[in-house]
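Visitor: Let me begin by handing over the structure; questions about it come next.
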Amino acid sequence: MNVLTPSESNSSSSKDKSLTAKYYYSGFDSSSDTYNSISAGSNGKIYYILSTESVYTGGHFYVYDPDSDQIQFIAELTEACGEKSLNAIPQGKSHVNFFEFEGKLYFATHVGVYERIDGIELPVKSPKNHKPYPGGHILSYDISSGKMNTLAQAPSGEGIIAMTMDQKRGHIYAITWPTGFFIHYSLISGKSVHLGPISGKGEAGTVGDDFRVLPRTMFVNPESASVYYSTSDGDIFEYNPIKETLNKLNDVDLRLDYFGQYDPARPGSMAYHWRSIVWYAPEKAAYGVHATSGYLFRFDPRAKSIEVVERITSEPSKKSGMFDLFYYGYLGFDLGPDQETLYYLTGGPAYKDGKRVQKDEEILIGAKGLENLHLITFHIPTRTYKDHGPVYFSDGQIPTYANSIATDPAGNVYTLAQHMRNGKKITDLVKVSKDSIIL
């Protein structure tokens, strides 16, 4: 059970500050590690999906109302995709955030049942009496009516691992898993364009040869309508929706000494990928975080330049000089309600009996050991970094495997993280009150 008291888990540098969070119970005991899949709607409510690795049920879709402090179940993903009667591997996850356009939320589904072999996650052979996974869906959810529709489906039984949206023009972009096809779907025309694979044979490739970890986030430049994603080799690609072409950018890449050195053909890290990235309109540039090193950088698509800004890992991580323990880095990265402050949920070394909890090299998937969850803010105009300290629950537990973030208009911070409930580890909604966050 992941329970450390503040005196056990803090280093001396962070004893004087910490955050108390509240965990919720959505009623889904089969929930498992969840990535992205949480966003605030324009109505101030928090929409989220809890993933599962169960072969019997899909992920569950919920909405949380900050005003009433209540959670409402919306749908089971397999049923929402119209596949309940297929008896196939279910729609176990959503691996993407929600994007709002003209009163509807748009998101995508992903497979939750897979095998882990030598540090690689691969689609599982269909269990007895189950058909193969039918492929991920791009879905819409009408905020007012509650109606859900499936709009497009990934090819070849692939899941959807990354998605972004041009919320000005009504275009959706997605990347599939494990092969890495690029999908462009237009809400206006209903047309789908499939390109790729975008990087080797993706995570279906052969280790040491054409294996490449796929991107988890992309962004749209609303000025030009172009879409950008990274590769584990450190290249940056641009998709032109008018020409429907993918092109590698010349004279700019992510192969920076500060980020470290990696073999992109081997699993175990995101290599040179950005882990998460957001568009910052005032500068017409994107701010991203490199997965393993935790460096914040600025990418200017017009100048085709990368500027390393600041290492935004936790204070204890900075002082220890060590990489954090989650082997893919952290996805909880976004602009806050003021649209000029970055909010970042990242790891920090945990301490027990005065000694740092060491990483477990035998762990190939996920975090290589117990770590604290820290909330970092970075105010872009003033370049001000602040570590608000580790996050605790009132019962002494610490949230783990947090790879998502959302903020509501009032400034409360939300994530989906693991904790223990009745002796069982589950993932559920976590809230850090605005009252405990001093910017």
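Convention: chains lettered A, B, ... in structure tokens order; per-chain residue numbering from 1; ligands numbered from 1 as shown.
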Give the strand (DSSP E or B) residues of range 86-138 of chain A, as DSSP finds them on the backbone, and put them as a ChimeraX atom specification.
Guide: /A:88,93,99-101,104-108,110,114-117,120-123,131,137-138
Visitor: Which parts of range 251-428 of chain A does DSSP call alpha helix (DSSP H) when run on the backbone here, written out as a PyMOL selection string?
Guide: chain A and resi 315-320
Visitor: Given the selection you just returned, output its residues as a file containing N, CA and C atoms, formatted as a short mmCIF file (atom, residue, chain, number, x, y, z; two decimals), in the first residue's frame.
Guide:
```cif
data_model
loop_
_atom_site.label_atom_id
_atom_site.label_comp_id
_atom_site.auth_asym_id
_atom_site.auth_seq_id
_atom_site.Cartn_x
_atom_site.Cartn_y
_atom_site.Cartn_z
N GLU A 315 11.49 20.41 -7.22
CA GLU A 315 12.71 20.90 -6.56
C GLU A 315 13.58 19.75 -6.06
N PRO A 316 12.98 18.73 -5.39
CA PRO A 316 13.82 17.61 -4.94
C PRO A 316 14.50 16.88 -6.10
N SER A 317 13.83 16.78 -7.24
CA SER A 317 14.44 16.13 -8.41
C SER A 317 15.61 16.96 -8.93
N LYS A 318 15.42 18.28 -9.00
CA LYS A 318 16.50 19.15 -9.45
C LYS A 318 17.72 19.01 -8.56
N LYS A 319 17.48 18.99 -7.24
CA LYS A 319 18.61 18.96 -6.31
C LYS A 319 19.30 17.60 -6.28
N SER A 320 18.54 16.54 -6.54
CA SER A 320 19.14 15.21 -6.56
C SER A 320 19.94 14.98 -7.84
#
```
Visitor: Counting only C-alpha atoms, which of A:Leu335, A:Arg302, A:Phe378, A:Lys352 gets nearest to Ser314 in chain A?
Guide: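 Nearest to Ser314 in chain A: A:Phe378.
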Visitor: Do you have, as CSV, the list of residues of range 34-124 of chain A lying at most 12 Å from range 169-185 of chain A, each with its nearest atom pair and that distance in Å to one decimal, counting only C-alpha atoms and ordered by chain then number?
Guide:
```
residue,atom,partner,partner_atom,distance
A:His95,CA,A:Trp177,CA,10.6
A:Val96,CA,A:Ala174,CA,9.4
A:Asn97,CA,A:Ala174,CA,11.6
A:Phe98,CA,A:Ile172,CA,11.3
A:Phe99,CA,A:Ile172,CA,9.3
A:Glu100,CA,A:Gly170,CA,9.8
A:Phe101,CA,A:Gly170,CA,7.2
A:Glu102,CA,A:Gly170,CA,9.1
A:Lys104,CA,A:Gly170,CA,11.2
A:Leu105,CA,A:Ile172,CA,11.7
A:Tyr106,CA,A:Ile172,CA,8.5
A:Phe107,CA,A:Ile172,CA,9.2
A:Ala108,CA,A:Ala174,CA,8.4
A:Thr109,CA,A:Thr176,CA,10.1
A:His110,CA,A:Trp177,CA,8.3
A:Val111,CA,A:Trp177,CA,8.8
A:Gly112,CA,A:Trp177,CA,11.5
A:Tyr114,CA,A:Pro178,CA,10.6
A:Ile120,CA,A:Pro178,CA,10.3
A:Glu121,CA,A:Pro178,CA,8.6
A:Leu122,CA,A:Pro178,CA,7.2
A:Pro123,CA,A:Pro178,CA,7.8
A:Val124,CA,A:Pro178,CA,11.5
```
Visitor: Store the residues picked out above in a file with C-alpha atoms, as a PDB file, in the first residue's frame.
Guide:
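The file below, selection.pdb, is the result:
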```
ATOM      1  CA  HIS A  95      -5.854   8.009 -24.199  1.00  0.00           C
ATOM      2  CA  VAL A  96      -6.707  11.571 -25.277  1.00  0.00           C
ATOM      3  CA  ASN A  97      -8.204  14.732 -23.847  1.00  0.00           C
ATOM      4  CA  PHE A  98     -11.573  16.224 -24.781  1.00  0.00           C
ATOM      5  CA  PHE A  99     -11.830  19.018 -27.346  1.00  0.00           C
ATOM      6  CA  GLU A 100     -14.914  21.229 -27.432  1.00  0.00           C
ATOM      7  CA  PHE A 101     -16.416  22.552 -30.661  1.00  0.00           C
ATOM      8  CA  GLU A 102     -19.882  24.064 -31.146  1.00  0.00           C
ATOM      9  CA  LYS A 104     -19.893  19.094 -28.344  1.00  0.00           C
ATOM     10  CA  LEU A 105     -16.905  17.308 -26.842  1.00  0.00           C
ATOM     11  CA  TYR A 106     -14.740  15.246 -29.173  1.00  0.00           C
ATOM     12  CA  PHE A 107     -12.464  12.411 -28.054  1.00  0.00           C
ATOM     13  CA  ALA A 108     -11.263   8.947 -29.080  1.00  0.00           C
ATOM     14  CA  THR A 109     -11.085   5.396 -27.717  1.00  0.00           C
ATOM     15  CA  HIS A 110      -8.213   2.984 -27.273  1.00  0.00           C
ATOM     16  CA  VAL A 111      -7.694  -0.694 -26.494  1.00  0.00           C
ATOM     17  CA  GLY A 112      -7.165  -1.608 -22.836  1.00  0.00           C
ATOM     18  CA  TYR A 114      -2.770  -6.033 -24.331  1.00  0.00           C
ATOM     19  CA  ILE A 120       6.809  -3.725 -25.046  1.00  0.00           C
ATOM     20  CA  GLU A 121       3.026  -3.518 -24.974  1.00  0.00           C
ATOM     21  CA  LEU A 122       1.375  -5.387 -27.847  1.00  0.00           C
ATOM     22  CA  PRO A 123      -2.197  -6.235 -28.855  1.00  0.00           C
ATOM     23  CA  VAL A 124      -3.294  -9.447 -27.190  1.00  0.00           C
TER      24      VAL A 124
END
```
Visitor: Nearest to Gly348 in chain A: which of A:Pro381, A:Tyr62, A:Pro399, A:Phe393 is it, counting only C-alpha atoms?
Guide: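 So, comparing all the options, the nearest one is A:Pro399.
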Visitor: Ranking A:Lys201, A:Lys424, A:Lys147, A:His419 by minimum distance to Tyr24 in chain A and counting only C-alpha atoms, which one comes first?
Guide: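 Result for the nearest residue to Tyr24 in chain A: A:His419.
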Visitor: Give me, as a ChimeraX atom specification, all polymer residues having an atom no more than 7 Å from Phe219 in chain A, counting only C-alpha atoms and skipping those fewer than 3 positions away in the same chain.
Guide: /A:164,227-228,277-279
Visitor: Which range 270-343 of chain A residues have any atom within 10 Å of an atom of range 35-42 of chain A, and for each, what is the nearest pair of atoms with distance in Å to one decimal, counting only C-alpha atoms, rows sorted by chain and number, as a Markdown table?
Guide:
```
| residue | atom | partner | partner_atom | distance |
| --- | --- | --- | --- | --- |
| A:Tyr330 | CA | A:Tyr35 | CA | 9.2 |
| A:Leu331 | CA | A:Asn36 | CA | 6.6 |
| A:Gly332 | CA | A:Asn36 | CA | 7.2 |
| A:Phe333 | CA | A:Asn36 | CA | 9.5 |
```
Visitor: Write the residues you've just listed into a file as a PDB file, in the first residue's frame, and include C-alpha atoms for each of them.
Guide:
```pdb
ATOM      1  CA  TYR A 330       4.345  12.873 -17.327  1.00  0.00           C
ATOM      2  CA  LEU A 331       1.300  13.924 -19.349  1.00  0.00           C
ATOM      3  CA  GLY A 332      -0.234  16.237 -16.735  1.00  0.00           C
ATOM      4  CA  PHE A 333       0.782  19.461 -18.496  1.00  0.00           C
TER       5      PHE A 333
END
```
Visitor: Select, from A:Thr382, A:Asn129, A:Gln91, A:Ser54, the residue with the minimum atom-to-atom distance to Asp29 in chain A, counting only C-alpha atoms.
Guide: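 That would be A:Ser54, the residue with the smallest distance to Asp29 in chain A.
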Visitor: Restricting the calculation to only C-alpha atoms, which member of A:Asp395, A:Asp33, A:Asp334, A:Glu283 is positioned closest to Leu416 in chain A?
Guide: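 The answer is A:Asp33, which sits nearest to Leu416 in chain A.
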Visitor: Return the single residue from A:Ser30, A:His273, A:Lys168, A:Ala204 that is closest to Ile188 in chain A, with distances computed using only C-alpha atoms.
Guide: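 That would be A:Lys168, the residue with the smallest distance to Ile188 in chain A.
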Visitor: To one decimal place, how far is CA of Ser32 in chain A from CA of Val55 in chain A in Å?
Guide: 12.6 Å
Visitor: Enter the distance from CA of Ser68 in chain A to CA of Lys434 in chain A, in Å, rounded to one decimal.
Guide: 16.1 Å
Visitor: Find the residues around Asp235 in chain A up to 6 Å (only C-alpha atoms counted), leave out those fewer than 3 positions away in its own chain, and share them as JSON, numbers by chain.
Guide: {"A": [230, 231, 253]}
Visitor: So what do you get for CA of Asp387 in chain A versus CA of Ile312 in chain A, distance-wise?
Guide: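 If I compute the distance from CA of Asp387 in chain A to CA of Ile312 in chain A, I get 8.5 Å.
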Visitor: Give me, as a PyMOL selection string, all polymer residues having an atom no more than 7 Å from Arg255 in chain A, counting only C-alpha atoms and skipping those fewer than 2 positions away in the same chain.
Guide: chain A and resi 234+253+257+272
Visitor: Applying 7 Å and only C-alpha atoms, which residues near Ala21 in chain A remain after dropping the ones on its own chain fewer than 4 positions away? List them as a list in words.
Guide: Val391, Tyr392, Phe393, Val430, Lys431, Val432 and Ser433 of chain A
Visitor: Any chance you can output those residues with C-alpha atoms as a PDB file, in the first residue's frame?
Guide:
```pdb
ATOM      1  CA  VAL A 391       0.434  16.137  -2.915  1.00  0.00           C
ATOM      2  CA  TYR A 392      -1.094  14.087  -0.070  1.00  0.00           C
ATOM      3  CA  PHE A 393      -4.489  12.718   0.779  1.00  0.00           C
ATOM      4  CA  VAL A 430      -8.415  13.569  -7.591  1.00  0.00           C
ATOM      5  CA  LYS A 431      -8.953  17.238  -6.781  1.00  0.00           C
ATOM      6  CA  VAL A 432      -6.485  19.780  -5.397  1.00  0.00           C
ATOM      7  CA  SER A 433      -8.443  22.763  -4.109  1.00  0.00           C
TER       8      SER A 433
END
```
